[in-house]
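The structure file structure.cif is reproduced below (mmCIF, C-alpha atoms).
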data_upload
loop_
_atom_site.label_atom_id
_atom_site.label_comp_id
_atom_site.auth_asym_id
_atom_site.auth_seq_id
_atom_site.Cartn_x
_atom_site.Cartn_y
_atom_site.Cartn_z
CA MET A 212 181.47 305.39 3.23
CA LEU A 213 184.44 307.67 2.86
CA PRO A 214 184.08 310.48 0.35
CA ILE A 215 187.19 309.30 -1.52
CA PHE A 216 185.29 306.16 -2.58
CA ASN A 217 182.25 308.05 -3.74
CA ARG A 218 181.99 307.82 -7.53
CA LYS A 219 180.97 311.44 -7.93
CA SER A 220 183.70 312.85 -5.68
CA PHE A 221 186.46 310.41 -6.62
CA SER A 222 187.91 311.99 -9.77
CA ALA A 223 190.34 309.10 -10.38
CA TYR A 224 187.45 306.67 -10.66
CA ALA A 225 185.59 309.02 -13.01
CA TRP A 226 188.71 309.25 -15.17
CA PHE A 227 189.08 305.46 -15.15
CA GLU A 228 185.41 304.99 -16.11
CA ARG A 229 185.73 307.42 -19.01
CA PHE A 230 188.98 305.76 -20.03
CA VAL A 231 187.72 302.18 -20.35
CA ASN A 232 184.12 302.90 -21.46
CA PRO A 233 183.13 303.59 -25.06
CA SER A 234 182.20 307.02 -26.28
CA ASP A 235 178.83 308.60 -25.45
CA SER A 236 177.61 307.87 -28.94
CA GLY A 237 177.95 304.16 -28.27
CA GLU A 238 180.54 303.67 -31.03
CA MET A 239 183.79 301.82 -30.58
CA ASN A 240 186.49 304.13 -29.18
CA VAL A 241 190.18 303.28 -29.79
CA ARG A 242 191.53 306.45 -28.20
CA PRO A 243 192.35 304.75 -24.87
CA LEU A 244 194.54 302.20 -26.67
CA TYR A 245 196.21 304.97 -28.63
CA ARG A 246 196.90 306.92 -25.45
CA LEU A 247 198.43 303.85 -23.83
CA PHE A 248 200.62 303.34 -26.87
CA VAL A 249 201.78 306.96 -26.84
CA PHE A 250 202.41 306.89 -23.10
CA GLY A 251 204.36 303.61 -23.23
CA PHE A 252 206.41 304.69 -26.23
CA SER A 253 207.18 308.07 -24.65
CA PHE A 254 208.15 306.51 -21.32
CA ILE A 255 210.48 303.96 -22.95
CA PHE A 256 212.03 306.63 -25.17
CA ILE A 257 212.66 308.93 -22.19
CA MET A 258 214.17 306.15 -20.07
CA LEU A 259 216.32 304.99 -22.98
CA SER A 260 217.51 308.55 -23.60
CA VAL A 261 218.44 308.95 -19.93
CA ASP A 262 220.24 305.61 -20.02
CA VAL A 263 222.25 306.61 -23.09
CA TYR A 264 223.03 310.02 -21.62
CA VAL A 265 224.26 308.59 -18.31
CA THR A 266 226.23 305.89 -20.09
CA LEU A 267 228.08 308.50 -22.14
CA LYS A 268 228.69 310.84 -19.18
CA VAL A 269 229.80 308.22 -16.62
CA PRO A 270 232.69 306.10 -17.89
CA GLU A 271 232.60 303.45 -15.10
CA ALA A 272 231.31 300.12 -16.42
CA ALA A 273 229.86 299.14 -13.05
CA TRP A 274 227.50 302.09 -13.14
CA HIS A 275 226.27 301.03 -16.55
CA GLY A 276 225.17 297.62 -15.22
CA VAL A 277 223.41 299.18 -12.24
CA PHE A 278 221.54 301.65 -14.44
CA GLY A 279 220.62 298.89 -16.87
CA ASP A 280 219.08 296.91 -14.04
CA PHE A 281 217.28 300.06 -12.89
CA PHE A 282 215.98 300.69 -16.41
CA GLY A 283 214.66 297.13 -16.76
CA GLY A 284 213.17 297.12 -13.27
CA VAL A 285 211.26 300.35 -13.91
CA VAL A 286 210.16 299.79 -17.50
CA ASN A 287 208.96 296.15 -17.15
CA PRO A 288 206.28 296.79 -14.45
CA ILE A 289 205.07 299.87 -16.33
CA LEU A 290 204.76 297.94 -19.60
CA THR A 291 203.05 295.04 -17.80
CA PHE A 292 200.52 297.43 -16.30
CA LEU A 293 199.94 299.09 -19.65
CA THR A 294 199.47 295.65 -21.23
CA PHE A 295 196.86 294.80 -18.59
CA MET A 296 195.07 298.11 -19.21
CA GLY A 297 195.12 297.48 -22.95
CA LEU A 298 193.63 294.01 -22.40
CA LEU A 299 190.93 295.49 -20.16
CA ILE A 300 190.03 298.10 -22.76
CA THR A 301 189.95 295.42 -25.47
CA ILE A 302 187.53 293.33 -23.37
CA VAL A 303 185.29 296.36 -22.87
CA MET A 304 185.35 297.10 -26.59
CA GLN A 305 184.48 293.48 -27.42
CA ARG A 306 181.62 293.58 -24.94
CA VAL A 307 180.25 296.72 -26.59
CA GLU A 308 180.65 295.14 -30.00
CA LEU A 309 178.79 292.01 -28.90
CA ARG A 310 176.02 294.13 -27.40
CA GLU A 311 175.62 296.08 -30.63
CA THR A 312 175.69 292.85 -32.61
CA ARG A 313 172.96 291.41 -30.38
CA ARG A 314 170.84 294.53 -30.84
CA GLU A 315 171.31 294.38 -34.59
CA LEU A 316 170.30 290.72 -34.61
CA GLU A 317 167.20 291.56 -32.56
CA ARG A 318 166.30 294.33 -35.01
CA SER A 319 166.88 291.97 -37.92
CA ALA A 320 164.75 289.27 -36.28
CA SER A 321 161.98 291.80 -35.62
CA ALA A 322 162.12 293.06 -39.21
CA LEU A 323 162.13 289.48 -40.50
CA GLY A 324 159.14 288.64 -38.29
CA SER A 325 157.27 291.65 -39.68
CA GLN A 326 158.11 290.60 -43.24
CA VAL A 327 156.90 287.06 -42.55
CA HIS A 328 153.67 288.44 -41.07
CA VAL A 329 153.11 290.70 -44.09
CA ALA A 330 153.90 287.87 -46.50
CA GLN A 331 151.50 285.54 -44.67
CA ARG A 332 148.83 288.22 -44.71
CA GLN A 333 149.27 288.74 -48.44
CA SER A 334 149.16 284.99 -49.02
CA ASN A 335 145.91 284.73 -47.04
CA GLU A 336 144.44 287.65 -48.96
CA ASN A 337 145.36 286.07 -52.31
CA THR A 338 143.79 282.79 -51.22
CA PHE A 339 140.65 284.57 -50.08
CA PHE A 340 140.26 286.42 -53.37
CA LYS A 341 140.76 283.17 -55.27
CA MET A 342 138.02 281.63 -53.14
CA LEU A 343 135.82 284.61 -53.89
CA GLU A 344 136.42 284.10 -57.62
CA ALA A 345 135.72 280.38 -57.24
CA HIS A 346 132.43 281.17 -55.49
CA GLY A 347 131.40 283.48 -58.32
CA ALA A 348 132.38 280.85 -60.88
CA LEU A 349 130.42 278.21 -58.94
CA VAL A 350 127.30 280.38 -58.92
CA SER A 351 127.66 281.05 -62.64
CA SER A 352 128.04 277.33 -63.34
CA ILE A 353 124.66 276.40 -61.81
CA ASP A 354 122.51 275.32 -64.73
CA LEU A 355 119.00 273.85 -64.62
CA VAL A 356 115.69 273.78 -66.37
CA SER A 357 113.06 275.65 -64.40
CA ASP A 358 109.54 274.45 -63.75
CA GLU A 359 108.43 276.62 -66.69
CA ASN A 360 110.73 274.48 -68.91
CA VAL A 361 113.18 277.37 -69.34
CA ARG A 362 116.94 276.95 -69.01
CA VAL A 363 118.34 279.23 -66.29
CA VAL A 364 121.89 279.69 -65.00
CA GLY A 365 123.70 281.50 -62.19
CA ARG A 366 121.65 283.59 -59.79
CA ASP A 367 118.56 283.06 -61.92
CA ALA A 368 118.93 279.38 -61.06
CA ILE A 369 119.09 280.27 -57.34
CA ARG A 370 115.79 282.14 -57.72
CA ALA A 371 114.35 279.08 -59.48
CA PHE A 372 115.46 276.89 -56.54
CA TYR A 373 113.78 279.26 -54.14
CA ARG A 374 110.54 279.06 -56.13
CA ARG A 375 110.78 275.26 -55.94
CA LEU A 376 111.11 275.45 -52.15
CA ARG A 377 108.07 277.72 -52.00
CA LYS A 378 106.14 275.22 -54.10
CA GLU A 379 107.12 272.33 -51.79
CA LEU A 380 105.91 274.27 -48.76
CA HIS A 381 102.66 275.02 -50.53
CA ASN A 382 102.17 271.35 -51.44
CA ILE A 383 102.41 270.08 -47.87
CA THR A 384 100.15 272.79 -46.48
CA ARG A 385 97.41 272.71 -49.09
CA LYS A 386 93.89 271.92 -48.03
CA GLY A 387 93.21 268.25 -47.53
CA GLY A 388 96.65 267.22 -46.33
CA PHE A 389 99.52 265.65 -48.27
CA TRP A 390 100.94 262.22 -49.03
CA LEU A 391 104.15 261.13 -47.29
CA ASP A 392 105.57 257.61 -47.48
CA GLY A 393 102.31 256.36 -48.92
CA LYS A 394 100.19 257.78 -46.12
CA LEU A 395 97.87 260.76 -46.15
CA GLN A 396 99.10 263.34 -43.66
CA SER A 397 97.16 266.13 -42.01
CA PRO A 398 97.81 269.56 -43.50
CA TYR A 399 100.45 271.74 -41.85
CA ASP A 400 100.20 275.38 -41.07
CA LYS A 401 102.63 277.28 -43.31
CA GLY A 402 104.22 279.01 -40.34
CA ASP A 403 104.92 275.77 -38.51
CA ILE A 404 108.61 274.80 -38.28
CA CYS A 405 107.70 271.16 -38.87
CA ALA A 406 106.07 272.08 -42.16
CA LEU A 407 109.12 274.10 -43.14
CA LYS A 408 111.57 271.30 -42.33
CA THR A 409 109.45 268.72 -44.08
CA ALA A 410 109.20 270.88 -47.19
CA PHE A 411 112.93 271.62 -47.19
CA ASP A 412 113.77 267.96 -46.71
CA THR A 413 111.75 267.07 -49.78
CA PHE A 414 113.26 269.98 -51.70
CA TRP A 415 116.80 268.97 -50.67
CA LYS A 416 116.39 265.37 -51.74
CA ALA A 417 115.39 266.56 -55.19
CA ASN A 418 117.97 269.31 -55.64
CA SER A 419 120.98 268.43 -53.45
CA ASP A 420 123.06 267.30 -56.43
CA GLU A 421 123.04 270.86 -57.82
CA LEU A 422 123.34 272.68 -54.48
CA GLN A 423 125.68 270.54 -52.40
CA HIS A 424 128.86 271.85 -54.06
CA TYR A 425 127.53 275.39 -53.77
CA TYR A 426 127.04 275.20 -50.01
CA GLY A 427 130.27 273.24 -49.63
CA GLY A 428 132.17 276.12 -51.26
CA ILE A 429 130.48 278.64 -48.94
CA PHE A 430 131.43 276.55 -45.91
CA VAL A 431 135.09 276.25 -46.97
CA THR A 432 135.35 280.01 -47.57
CA LEU A 433 133.71 280.90 -44.25
CA ALA A 434 135.94 278.42 -42.40
CA PHE A 435 139.03 279.97 -44.05
CA VAL A 436 137.94 283.50 -43.12
CA ASP A 437 137.23 282.36 -39.57
CA LEU A 438 140.68 280.73 -39.28
CA LYS A 439 142.84 283.35 -40.97
CA PHE A 440 141.03 286.67 -40.48
CA CYS A 441 138.76 286.03 -37.49
CA ASP A 442 136.58 289.13 -37.11
CA ASP A 443 138.31 291.17 -39.80
CA SER A 444 135.19 292.95 -41.06
CA PRO A 445 136.42 294.03 -44.55
CA TYR A 446 136.81 290.43 -45.71
CA VAL A 447 133.63 289.26 -44.03
CA SER A 448 131.68 292.19 -45.50
CA MET A 449 133.19 291.52 -48.93
CA PHE A 450 132.08 287.89 -48.87
CA ARG A 451 128.66 288.71 -47.41
CA SER A 452 128.03 291.30 -50.14
CA SER A 453 128.56 288.68 -52.83
CA PHE A 454 125.22 287.01 -51.98
CA SER A 455 121.98 288.02 -53.62
CA ASP A 456 118.72 288.20 -51.67
CA SER A 457 117.62 284.86 -53.08
CA GLU A 458 120.89 283.28 -51.99
CA LYS A 459 120.51 284.67 -48.47
CA LEU A 460 116.91 283.47 -48.23
CA LEU A 461 117.80 279.98 -49.44
CA MET A 462 120.82 279.91 -47.09
CA PHE A 463 118.60 281.00 -44.21
CA TYR A 464 116.29 278.02 -44.72
CA TYR A 465 119.25 275.72 -45.38
CA SER A 466 120.79 276.79 -42.04
CA LEU A 467 117.51 276.24 -40.18
CA CYS A 468 116.67 272.87 -41.66
CA VAL A 469 119.60 270.71 -42.79
CA ALA A 470 122.93 272.49 -42.25
CA ASN A 471 125.41 270.97 -39.81
CA SER A 472 126.23 272.80 -36.58
CA GLU A 473 129.56 274.21 -37.84
CA PHE A 474 128.02 275.70 -40.97
CA LYS A 475 125.24 277.21 -38.87
CA ARG A 476 127.80 278.58 -36.39
CA LEU A 477 129.74 280.37 -39.13
CA VAL A 478 126.58 281.76 -40.76
CA ILE A 479 125.42 283.12 -37.40
CA LYS A 480 128.84 284.40 -36.30
CA TYR A 481 129.37 286.44 -39.45
CA ASN A 482 125.73 287.47 -39.78
CA ILE A 483 125.48 286.19 -43.35
CA VAL A 484 121.66 286.16 -43.28
CA GLY A 485 121.19 289.07 -40.88
CA ASP A 486 119.70 291.37 -43.49
CA ILE A 487 117.44 289.00 -45.41
CA PRO A 488 114.38 290.67 -46.97
CA GLU A 489 111.64 289.57 -44.60
CA GLY A 490 108.97 290.46 -47.14
CA ARG A 491 110.22 287.61 -49.34
CA LEU A 492 110.09 284.93 -46.65
CA LEU A 493 108.01 281.88 -47.47
CA ASN A 494 105.68 282.83 -44.64
CA ALA A 495 105.46 285.90 -42.41
CA ASP A 496 105.62 283.69 -39.30
CA HIS A 497 109.15 282.69 -40.30
CA GLN A 498 110.33 286.09 -39.10
CA ARG A 499 110.59 284.74 -35.57
CA TYR A 500 113.03 282.07 -36.79
CA SER A 501 115.15 284.72 -38.47
CA TYR A 502 115.20 286.74 -35.26
CA ASP A 503 116.23 283.66 -33.29
CA LEU A 504 118.98 282.91 -35.78
CA VAL A 505 120.37 286.45 -35.64
CA LEU A 506 120.01 286.89 -31.88
CA SER A 507 121.80 283.58 -31.20
CA LYS A 508 124.94 285.21 -32.65
CA ALA A 509 125.87 286.29 -29.12
CA GLN A 510 126.76 282.74 -28.11
CA TYR A 511 129.44 282.59 -30.84
CA LYS A 512 131.30 285.76 -29.82
#

Translate the structure described by the file into structure tokens.
Amino acid sequence: MLPIFNRKSFSAYAWFERFVNPSDSGEMNVRPLYRLFVFGFSFIFIMLSVDVYVTLKVPEAAWHGVFGDFFGGVVNPILTFLTFMGLLITIVMQRVELRETRRELERSASALGSQVHVAQRQSNENTFFKMLEAHGALVSSIDLVSDENVRVVGRDAIRAFYRRLRKELHNITRKGGFWLDGKLQSPYDKGDICALKTAFDTFWKANSDELQHYYGGIFVTLAFVDLKFCDDSPYVSMFRSSFSDSEKLLMFYYSLCVANSEFKRLVIKYNIVGDIPEGRLLNADHQRYSYDLVLSKAQYK
């Protein structure tokens, strides 16, 4: 390639590029149009002045017509070229303006997307806290008469339910067997999972009316956390900390015995019963079931 066509060595091209491009700051630059206007006006004024001067100095009329044709023939191509250059500069300026408009729209869309995300996050947080309040209100609304003929409410009622479950397990494992469906059954060992499930089934039939709404509320809240926050530990920890030891123990046995697979999955995934007090289990042999329940969390990652 010849050096004259090299962009760096061809000064005319560099001048043309600076002339039609916007300023370095990226802002719209009207100086090229102004320069064209000044150049065109100056050229026309000079040619007109020369024409007037020659007309006054040379009296022959024929010369005036020739010079008029010369003036028109010179000025028209120059003005046409300047018009083309002005159009080119205008196109470049419009392109820059459209590019800046597109960037501004992209920034606005990004900012709007961030605002929508923040608003959605706040909405989810508000819903979660309302669910947390509803859970507390649901616990407080539990009302029953204990086996000692004493009216208990709230978490005291949960402890009373747990004592009832302990009593059911004791009844089916007492010496001499137990009656089931009109038949005398052989006694279970307290650590046997069959004994536990049989005791919980009997307990659940007697107390499901009071506890079904309670566990239903827990399931809805866990499902919402799983959908909206996934593994966002602050919300999971906040909900997990709202359970007393008695609630965790009762939920542990509920998950083992009668809970559906989705409820069990959520309890395991978020480790709701991971820190149950093992000393308060219905039987020491139930520790192995708690370990299995906690260790199976890996399959829900």

Resolved residues for the PyMOL selection byres ((chain A and resi 454) around 10) as a PyMOL selection string: chain A and resi 346-347+350+366+449-453+455-460+462+483-484

List as a VMD selection string the protein and nucleic acid residues near stretch 436-440 of chain A, meaning an atom at most 8 Å away when all atoms listed in the file are counted, but skip any in the same chain fewer than 3 places from it. chain A and resid 335 339 432 to 433 443 446 to 447 477

Rounded to one decimal, what separation in Å do you get between atom CA of A:Leu422 and atom CA of A:Gln498?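 Atom-to-atom, atom CA of A:Leu422 to atom CA of A:Gln498, that is 24.2 Å.
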
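If you look at atom CA of A:Phe248 and atom CA of A:Asp280, they are 23.4 Å away from each other.
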
One decimal, Å: what's the distance from atom CA of A:Asn287 over to atom CA of A:Tyr264, could you say?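 Interatomic distance, atom CA of A:Asn287 to atom CA of A:Tyr264: 20.3 Å.
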
For A:Lys475, find every residue with an atom within 12 Å (counting all atoms listed in the file), except residues of its own chain fewer than 2 positions away, and show them as an NGL selection string. :A and (426 or 429-430 or 433-434 or 462-473 or 477-484 or 504-505 or 507-508 or 511)

Using only C-alpha atoms, please write the residues we just selected to a file, as a short mmCIF file (atom, residue, chain, number, x, y, z; two decimals), in the coordinates of the input.
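See selection.cif below for the written result:
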data_model
loop_
_atom_site.label_atom_id
_atom_site.label_comp_id
_atom_site.auth_asym_id
_atom_site.auth_seq_id
_atom_site.Cartn_x
_atom_site.Cartn_y
_atom_site.Cartn_z
CA TYR A 426 127.04 275.20 -50.01
CA ILE A 429 130.48 278.64 -48.94
CA PHE A 430 131.43 276.55 -45.91
CA LEU A 433 133.71 280.90 -44.25
CA ALA A 434 135.94 278.42 -42.40
CA MET A 462 120.82 279.91 -47.09
CA PHE A 463 118.60 281.00 -44.21
CA TYR A 464 116.29 278.02 -44.72
CA TYR A 465 119.25 275.72 -45.38
CA SER A 466 120.79 276.79 -42.04
CA LEU A 467 117.51 276.24 -40.18
CA CYS A 468 116.67 272.87 -41.66
CA VAL A 469 119.60 270.71 -42.79
CA ALA A 470 122.93 272.49 -42.25
CA ASN A 471 125.41 270.97 -39.81
CA SER A 472 126.23 272.80 -36.58
CA GLU A 473 129.56 274.21 -37.84
CA LEU A 477 129.74 280.37 -39.13
CA VAL A 478 126.58 281.76 -40.76
CA ILE A 479 125.42 283.12 -37.40
CA LYS A 480 128.84 284.40 -36.30
CA TYR A 481 129.37 286.44 -39.45
CA ASN A 482 125.73 287.47 -39.78
CA ILE A 483 125.48 286.19 -43.35
CA VAL A 484 121.66 286.16 -43.28
CA LEU A 504 118.98 282.91 -35.78
CA VAL A 505 120.37 286.45 -35.64
CA SER A 507 121.80 283.58 -31.20
CA LYS A 508 124.94 285.21 -32.65
CA TYR A 511 129.44 282.59 -30.84
#

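The list of residues with at least one atom within 8 Å of stretch 353-362 of chain A, based on only C-alpha atoms and without residues fewer than 3 positions apart in the same chain, reads Leu349, Val350, Gly365, Ala368, Ala371, Arg375 and Glu421 of chain A.
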
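The residues returned by the PyMOL selection byres ((chain A and resi 405-408) around 10) for this structure are Leu376, Arg377, Glu379, Leu380, His381, Ile383, Thr384, Pro398, Tyr399, Asp400, Lys401, Gly402, Asp403, Ile404, Thr409, Ala410, Phe411, Asp412, Thr413, Phe414, Tyr464, Tyr465, Leu467, Cys468, Val469, Leu493, Asn494 and His497 of chain A.
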
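Shortest atom-to-atom contact with A:Gly284 among A:Met258, A:Val329, A:Val249, A:Ile487: A:Met258, counting all atoms listed in the file.
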
Could you pull the residues within 8 Å of A:Leu290, counting all atoms listed in the file, minus those fewer than 4 positions along the same chain, as a ChimeraX atom specification? /A:251,286,294
